[in-house]
Structure formats: structure tokens, C-alpha cells
Amino acid sequence: MSSTTLSSIIVVIYLCVIIGIIIWTGKSSEKTYKGFALGGGDIPWYVVAGTMFASTVGGGTMIGYVGNYKAFGAQWGLVPVAAFIFMPILAGYYLAPRLKKLEQYTTGDMLGIRYGKASRYIAAGLNALGEAAVVISMTASFASMVNGYLGLNKEVAIIVGLVLFYISASMGGLKGVAWTDAIQALVIFVTVVIVAVLCIGPFKNAGGFAAIPANLLNPLTGGCNWWTMSGNILSCILMMICMQSLFVQRVNACKSPEDAKKATLFGNWACAAFMIFGIGFIGLASILITDADATGNSVVTSVLAKMPTIVGAFYASAIIAAVLTTANSMLLSSSMCIVRDFVAIADPSIKENDKKQINISKIIMVVICVLAYFIVKVVPTIMTWILMTYTIIGCLAFPLYFGLMSKKATPLSGVLGLALGGGAGLGWEILNLFHARPAALANIHAIWFGLIFGIVGCLLGLLSKKKSTPEQLAAVDAFTKNVTYSSVLGK
């Protein structure tokens, strides 16, 4: 039996098992929209921690991060160090319990109760767009892996990937996604550890750390421009504390605020260990054990070519698992934004009809998958879409927490902060995508524009004569006093 055949068999069996578990565990969640979107809001913290980990370490990490470590060396490790070691302390101990007590479903819900409908619409649009960009990235990851490692035609691989993403998101809801994410988190973690250990021998034979150029071992002197690298770090930090699928939705899926804290801490610290020691070592080892022409997405394939067939097959399965867990989470979350923050606001009767909300969510998922199919064929670079998502979602952070922590913020603060910040960040990313930005500013990360314009917008909103309503200020009281929103409203 050829190595490709063996790998294909292992991957197919693995996917069939995972899809089966998703459908079985999620079949009871479709009775209510809360069950479908939040798993009923009573998922154990360790399962939520597992889904936080699995959804974070998608193809962008297992494929794109390996290539970035080879290109930029230890400097790339600053991203997970800042975002997944230090920020979870703030997110876990302070933010997560308070967001849970706001008793909302989406980031748009939270901005809506604080600023009003206009801010809800803008936030939902940005969040849905950012998470759809991850679906595009995961489609590219899946196609790259299946084509490069298993030899499946790329066009077919794209279609197969999108079908799997849709099935796993629509038939299981968050409960099916979360429980299988927890299982896959273990598979992903163990497999990467095994590959990292097997890289030690070839790495030592090639000269070890002494043979790596000194600038690639120094986190401060890698090959990435510091305006760009600092933006990567900042966008990842901001994204981590406000992204709906990886934080807000997961926090609200927990049984209690205490569980939300534990899930946030353990889920993100597991990500840090994985990205720094596992993926980080594989990436640094690839500098010596792969050919110079292996760059970007092809670095992982080159590393796996040096592994025993069975190990390579399981790593391929782990990558596909990581891609699947991220893609289905983003599909589900993106559809929530549109259902909760657009459709249900335009037609309040829909909010009381669970079946209709679930059906609309599934239709939206189909639309996103179709768009992803066409877009990924034009721009298939995995990290392009990942970094764009970091920027788009990161632009939500300042308006969100400025509003939840300050009673001086007005409804206009939310509108201007989101519109100017999100517009500037997204606009710069689009210019980057088409290489249309001014050459002198080419290295400045889009998040800097998004953050600065977002802060300016929030401050300009303070000049508005239309102040926040008592109901909107109740969100501030609930968040700052760490009590439930309903108790402040007297409900």
C-alpha cells in the first residue's frame, strides 16, 4: 500500500468519525436557538477550553505559522507570547465573568444594549465579515493540505472542505462543535508534540540551533518589519478579547462566570504552549531541514515528507481537524451575527421563533460557503485572510470596552468608533490586498489605523447632545459592578 493511499484512508476514517460524533452530540441542540448557537449555555468549562484551543489553532497556525517561523524566526513567537500568555489573565479574571453576566449572545448584542441599533449593525457586519474571512482561510488550508499531501485535485478539495464545514456547523450546532473540538484538541496537541520530537534528530544532524542565523533566534531581530510585527501582536491581542466565536460565544456557552474564567485561562494558555513550543520548534527546525525554496504554505508539506508515513498521515489528520474546528465555529458564529443582529432586529417576531432562526442560520452558512469557494480561488494565501480577520475584529475592542466602562460614552461614540475604526482598518487591509497602499506606508499594519481612528471616533462621540438612555447605562453598571444585566434592569 502506498503512503498516499494509507494517508488517505486514515484521513477519511478520521473525518467520518468526527462528523458522526458532531451529528450525534448536536442532535438534541436544535430544539431552541440558544441550544443551537450557545449549546444551551451550560457546556462544562473544560469542554469550552478545548473548543477555544481547537478553534484558535486552525490551518493558519498549523500551516501558516510554521511558514512564518521559518521566515521570521523567533520573532514570530512574540505574537502567541503576548496574546495567549499575558492577555488571558485580563480576559479570564476580569472580562470573561463580566461578559457572561451581560446575558447576551453576540458581540453585536453587547454593543446594541450599550449604544443602540446602529452600533449593533456595524459591529455585526464587521464581525460577520471577519469570521467569514477565516472560513476563506480554512478553505485554503484544507485545499492546500489535501492537494499537497494526499494529491486530491485542488478544485475538488475546496468543494469537499466546504461541504464538511457546512455539515459540521449546521447539523451539530455549538454543542456538537464544542464536544468534538475538545476531542480534536487532544489529537492536535499530541500529534504536534510527536512531530516536534521527530524533528529533533534531523535538526541536530543539520547543526541544531547553532546553525540557525543569529537574527532568526533573537525575537527582536527577525525578518519582519517592526511596524508590521507590532501590529500583528496588537491585532491578535485585541481580537482575542472581543472576537465573537473565540471569546464572546464561548464565554456565554459556559455554565457560570467562574467556568468562563477557567475556560478562558486554560484554553488560551494551552494555545500559547502549543504555538510557542510545538509549532515554534517545528517552524525553527524547518529552517534547517527543508529546502530553501519551501516557503509559506509549502513548509509543512516539506517537513512531513521527512516523517514516517503513519506520522505524516496523522499530522495531516490533525491539520484537517484544526481546519474543521475553526471553520465550523466561524460559520456558526458568522451566521449568528446576521440572524441575531440583522434579521431578528428588522423583524422582532423572528427572535421568538427558534426554528426559523435556526433555518435562517443554515441558509446563511450556505451563502458564506459559496462566496468562500469563489474568493479562495482568487486569493488562496492562508495568512492573508487570518491577519485580515485579526484586524477587522480587533477594531471592535476599543468601542466595546470604552462603552462598557464609561458612562460618558454616547450612542454616537459607538457609531463613530466602530465606523471610523472598522472602516480604516478594513480599508487599509483592502489596499494591502491589492498592493495599492502608498509605498512609504507599506509596512504599517492596518490595526494601527483601525485603533487610532476608533479612539478618535469614540472621543468625537462625547460631543453629541444625545446621551445614553438609562437602559444603556445599565450595561455599564452590570459590567463595572460585575452583576447580571437583568438584575440592574430589575427584571
# chains A, B, ... in the order shown; residues from 1 in each chain; ligands from 1
call {"tool": "select_by_dssp", "arguments": {"residues": "region 41-250 of chain A", "states": "alpha helix (DSSP H)", "output": "PyMOL selection string"}}
result
chain A and resi 45-56+59+66-72+78-81+87-90+96-101+107-115+117-145+154-170+173-205+214-217+226-240+249-250
call {"tool": "residues_around", "arguments": {"residues": "Leu102 (chain A)", "least_positions_apart": "4", "cutoff": "8 Å", "atoms": "only C-alpha atoms", "output": "PDB file with N, CA, C and O atoms, in the first residue's frame"}}
result
ATOM      1  N   ARG A  98     -17.609  39.073  33.534  1.00  0.00           N
ATOM      2  CA  ARG A  98     -18.489  40.220  33.324  1.00  0.00           C
ATOM      3  C   ARG A  98     -19.286  40.093  32.029  1.00  0.00           C
ATOM      4  O   ARG A  98     -20.471  40.444  31.979  1.00  0.00           O
ATOM      5  N   MET A 110     -24.048  42.943  22.674  1.00  0.00           N
ATOM      6  CA  MET A 110     -23.453  43.745  23.743  1.00  0.00           C
ATOM      7  C   MET A 110     -23.326  45.205  23.346  1.00  0.00           C
ATOM      8  O   MET A 110     -23.614  46.112  24.132  1.00  0.00           O
ATOM      9  N   ALA A 475     -26.012  48.668  31.252  1.00  0.00           N
ATOM     10  CA  ALA A 475     -24.956  47.758  30.798  1.00  0.00           C
ATOM     11  C   ALA A 475     -23.637  48.118  31.445  1.00  0.00           C
ATOM     12  O   ALA A 475     -22.828  47.238  31.775  1.00  0.00           O
ATOM     13  N   ALA A 478     -23.793  46.941  35.110  1.00  0.00           N
ATOM     14  CA  ALA A 478     -23.648  45.482  35.198  1.00  0.00           C
ATOM     15  C   ALA A 478     -22.199  45.073  35.002  1.00  0.00           C
ATOM     16  O   ALA A 478     -21.669  44.240  35.751  1.00  0.00           O
ATOM     17  N   PHE A 479     -21.530  45.666  34.009  1.00  0.00           N
ATOM     18  CA  PHE A 479     -20.154  45.283  33.698  1.00  0.00           C
ATOM     19  C   PHE A 479     -19.189  45.732  34.792  1.00  0.00           C
ATOM     20  O   PHE A 479     -18.360  44.941  35.262  1.00  0.00           O
ATOM     21  N   THR A 484     -25.365  40.801  37.094  1.00  0.00           N
ATOM     22  CA  THR A 484     -26.088  40.475  35.861  1.00  0.00           C
ATOM     23  C   THR A 484     -26.832  41.708  35.327  1.00  0.00           C
ATOM     24  O   THR A 484     -27.289  42.556  36.103  1.00  0.00           O
ATOM     25  N   TYR A 485     -26.948  41.740  34.030  1.00  0.00           N
ATOM     26  CA  TYR A 485     -27.639  42.856  33.363  1.00  0.00           C
ATOM     27  C   TYR A 485     -29.111  42.879  33.759  1.00  0.00           C
ATOM     28  O   TYR A 485     -29.678  43.955  34.010  1.00  0.00           O
ATOM     29  N   SER A 486     -29.722  41.722  33.857  1.00  0.00           N
ATOM     30  CA  SER A 486     -31.139  41.667  34.205  1.00  0.00           C
ATOM     31  C   SER A 486     -31.389  42.185  35.629  1.00  0.00           C
ATOM     32  O   SER A 486     -32.422  42.798  35.890  1.00  0.00           O
TER      33      SER A 486
END
call {"tool": "residues_around", "arguments": {"residues": "region 127-132 of chain A", "least_positions_apart": "4", "cutoff": "7 Å", "atoms": "only C-alpha atoms", "output": "list in words"}}
result
Ala123, Ile136, Met330, Leu331, Ser334, Cys337, Ile368, Thr389, Ile392 and Ile393 of chain A
call {"tool": "residues_around", "arguments": {"residues": "Lys356 (chain A)", "least_positions_apart": "2", "cutoff": "12 Å", "atoms": "only C-alpha atoms", "output": "PyMOL selection string"}}
result
chain A and resi 30-33+36+339-340+343-344+347-354+358-363
call {"tool": "closest_residue", "arguments": {"among": "A:Trp448, A:Tyr93, A:Phe402, A:Tyr315", "to": "Gly231 (chain A)", "atoms": "only C-alpha atoms"}}
result
A:Trp448
call {"tool": "residues_around", "arguments": {"residues": "Leu400 (chain A)", "least_positions_apart": "3", "cutoff": "8 Å", "atoms": "only C-alpha atoms", "output": "list in words"}}
result
Met110, Leu111, Cys242, Leu396, Ala397, Gly403, Leu404 and Gly414 of chain A
call {"tool": "write_last_selection", "arguments": {"atoms": "C-alpha atoms", "output": "CSV table (one decimal), in the first residue's frame"}}
result
chain,number,residue,atom,x,y,z
A,110,MET,CA,-23.5,43.7,23.7
A,111,LEU,CA,-22.8,46.8,21.6
A,242,CYS,CA,-13.7,40.7,21.6
A,396,LEU,CA,-14.3,46.3,17.8
A,397,ALA,CA,-12.3,46.1,21.0
A,403,GLY,CA,-18.7,51.8,26.2
A,404,LEU,CA,-19.0,49.2,28.9
A,414,GLY,CA,-20.3,53.7,19.4
call {"tool": "atom_distance", "arguments": {"atom1": "CA of Gly283 (chain A)", "atom2": "CA of Ile89 (chain A)"}}
result
27.0 Å
call {"tool": "residues_around", "arguments": {"residues": "Gly39 (chain A)", "least_positions_apart": "5", "cutoff": "8 Å", "atoms": "only C-alpha atoms", "output": "short mmCIF file (atom, residue, chain, number, x, y, z; two decimals) with N, CA and C atoms, in the first residue's frame"}}
result
data_model
loop_
_atom_site.label_atom_id
_atom_site.label_comp_id
_atom_site.auth_asym_id
_atom_site.auth_seq_id
_atom_site.Cartn_x
_atom_site.Cartn_y
_atom_site.Cartn_z
N SER A 29 -29.54 19.68 20.27
CA SER A 29 -29.39 21.11 20.50
C SER A 29 -30.28 21.96 19.60
N LYS A 34 -30.98 29.05 21.35
CA LYS A 34 -29.92 29.12 22.34
C LYS A 34 -29.16 27.80 22.39
N GLY A 173 -24.66 22.27 15.63
CA GLY A 173 -24.75 23.46 16.46
C GLY A 173 -23.51 23.56 17.34
N LEU A 174 -23.52 24.48 18.30
CA LEU A 174 -22.32 24.69 19.12
C LEU A 174 -22.02 23.49 20.01
N LYS A 175 -23.05 22.79 20.46
CA LYS A 175 -22.80 21.64 21.33
C LYS A 175 -22.01 20.56 20.59
N ALA A 253 -21.35 30.29 26.44
CA ALA A 253 -21.72 28.88 26.41
C ALA A 253 -21.41 28.18 27.72
#
call {"tool": "closest_residue", "arguments": {"among": "A:Trp269, A:Trp385, A:Phe398, A:Trp226", "to": "His445 (chain A)", "atoms": "only C-alpha atoms"}}
result
A:Trp226
call {"tool": "closest_residue", "arguments": {"among": "A:Leu284, A:Val476, A:Val11, A:Ala409", "to": "Cys458 (chain A)", "atoms": "only C-alpha atoms"}}
result
A:Ala409
call {"tool": "closest_residue", "arguments": {"among": "A:Trp24, A:Tyr46, A:Phe72, A:Phe209", "to": "Gly222 (chain A)", "atoms": "only C-alpha atoms"}}
result
A:Phe72
call {"tool": "residues_around", "arguments": {"residues": "Phe342 (chain A)", "least_positions_apart": "4", "cutoff": "7 Å", "atoms": "only C-alpha atoms", "output": "list in words"}}
result
Tyr121, Ile338 and Ala346 of chain A
call {"tool": "atom_distance", "arguments": {"atom1": "CA of Lys261 (chain A)", "atom2": "CA of Ser170 (chain A)"}}
result
27.8 Å
call {"tool": "atom_distance", "arguments": {"atom1": "CA of Asn218 (chain A)", "atom2": "CA of Gln75 (chain A)"}}
result
6.6 Å
call {"tool": "closest_residue", "arguments": {"among": "A:Leu426, A:Gly490, A:Leu324, A:Ile310", "to": "Leu164 (chain A)", "atoms": "only C-alpha atoms"}}
result
A:Leu324
call {"tool": "closest_residue", "arguments": {"among": "A:Asn215, A:Thr410, A:Asn482, A:Thr51", "to": "Val177 (chain A)", "atoms": "only C-alpha atoms"}}
result
A:Thr51
call {"tool": "decode", "arguments": {"residues": "region 345-374 of chain A", "atoms": "N, CA and C atoms", "output": "compact mmCIF listing (two decimals), in the first residue's frame"}}
result
# COMPACT_ATOMS: atom_id res chain seq x y z
N ILE A 345 -33.58 41.83 14.43
CA ILE A 345 -33.84 43.23 14.79
C ILE A 345 -34.81 43.85 13.79
N ALA A 346 -34.65 43.49 12.51
CA ALA A 346 -35.56 44.00 11.48
C ALA A 346 -36.97 43.42 11.65
N ASP A 347 -37.05 42.17 12.10
CA ASP A 347 -38.33 41.51 12.31
C ASP A 347 -38.32 40.84 13.69
N PRO A 348 -38.69 41.56 14.75
CA PRO A 348 -38.62 41.04 16.12
C PRO A 348 -39.35 39.72 16.34
N SER A 349 -40.36 39.43 15.51
CA SER A 349 -41.10 38.18 15.69
C SER A 349 -40.21 36.96 15.46
N ILE A 350 -39.19 37.13 14.64
CA ILE A 350 -38.28 36.01 14.36
C ILE A 350 -37.51 35.61 15.61
N LYS A 351 -37.24 36.58 16.49
CA LYS A 351 -36.48 36.30 17.71
C LYS A 351 -37.21 35.33 18.62
N GLU A 352 -38.52 35.25 18.45
CA GLU A 352 -39.33 34.34 19.28
C GLU A 352 -39.56 33.00 18.59
N ASN A 353 -39.07 32.86 17.38
CA ASN A 353 -39.29 31.64 16.61
C ASN A 353 -37.95 30.91 16.44
N ASP A 354 -37.70 29.95 17.33
CA ASP A 354 -36.41 29.25 17.34
C ASP A 354 -36.14 28.51 16.03
N LYS A 355 -37.15 27.83 15.54
CA LYS A 355 -36.96 27.04 14.33
C LYS A 355 -36.59 27.92 13.14
N LYS A 356 -37.25 29.07 13.04
CA LYS A 356 -36.96 29.97 11.92
C LYS A 356 -35.55 30.53 12.04
N GLN A 357 -35.11 30.87 13.24
CA GLN A 357 -33.75 31.37 13.43
C GLN A 357 -32.71 30.33 13.01
N ILE A 358 -32.95 29.09 13.40
CA ILE A 358 -32.02 28.01 13.05
C ILE A 358 -31.98 27.81 11.53
N ASN A 359 -33.14 27.82 10.90
CA ASN A 359 -33.18 27.62 9.44
C ASN A 359 -32.50 28.76 8.69
N ILE A 360 -32.71 29.99 9.15
CA ILE A 360 -32.06 31.13 8.51
C ILE A 360 -30.54 31.03 8.68
N SER A 361 -30.11 30.61 9.87
CA SER A 361 -28.67 30.43 10.11
C SER A 361 -28.07 29.46 9.11
N LYS A 362 -28.78 28.37 8.85
CA LYS A 362 -28.27 27.36 7.92
C LYS A 362 -28.20 27.89 6.49
N ILE A 363 -29.16 28.69 6.11
CA ILE A 363 -29.15 29.29 4.77
C ILE A 363 -27.96 30.24 4.63
N ILE A 364 -27.72 31.02 5.68
CA ILE A 364 -26.60 31.96 5.67
C ILE A 364 -25.27 31.21 5.54
N MET A 365 -25.15 30.07 6.22
CA MET A 365 -23.94 29.27 6.11
C MET A 365 -23.68 28.83 4.68
N VAL A 366 -24.74 28.46 3.98
CA VAL A 366 -24.60 28.05 2.58
C VAL A 366 -24.07 29.22 1.75
N VAL A 367 -24.62 30.40 1.97
CA VAL A 367 -24.19 31.59 1.22
C VAL A 367 -22.71 31.87 1.48
N ILE A 368 -22.28 31.79 2.74
CA ILE A 368 -20.87 32.05 3.07
C ILE A 368 -19.97 31.03 2.39
N CYS A 369 -20.38 29.78 2.39
CA CYS A 369 -19.58 28.72 1.75
C CYS A 369 -19.44 28.96 0.24
N VAL A 370 -20.52 29.37 -0.39
CA VAL A 370 -20.48 29.65 -1.83
C VAL A 370 -19.54 30.81 -2.12
N LEU A 371 -19.63 31.87 -1.32
CA LEU A 371 -18.72 33.00 -1.50
C LEU A 371 -17.27 32.59 -1.27
N ALA A 372 -17.05 31.76 -0.25
CA ALA A 372 -15.69 31.30 0.04
C ALA A 372 -15.11 30.52 -1.13
N TYR A 373 -15.94 29.74 -1.79
CA TYR A 373 -15.49 28.94 -2.94
C TYR A 373 -14.90 29.84 -4.02
N PHE A 374 -15.57 30.92 -4.35
CA PHE A 374 -15.10 31.80 -5.42
C PHE A 374 -13.91 32.66 -4.97
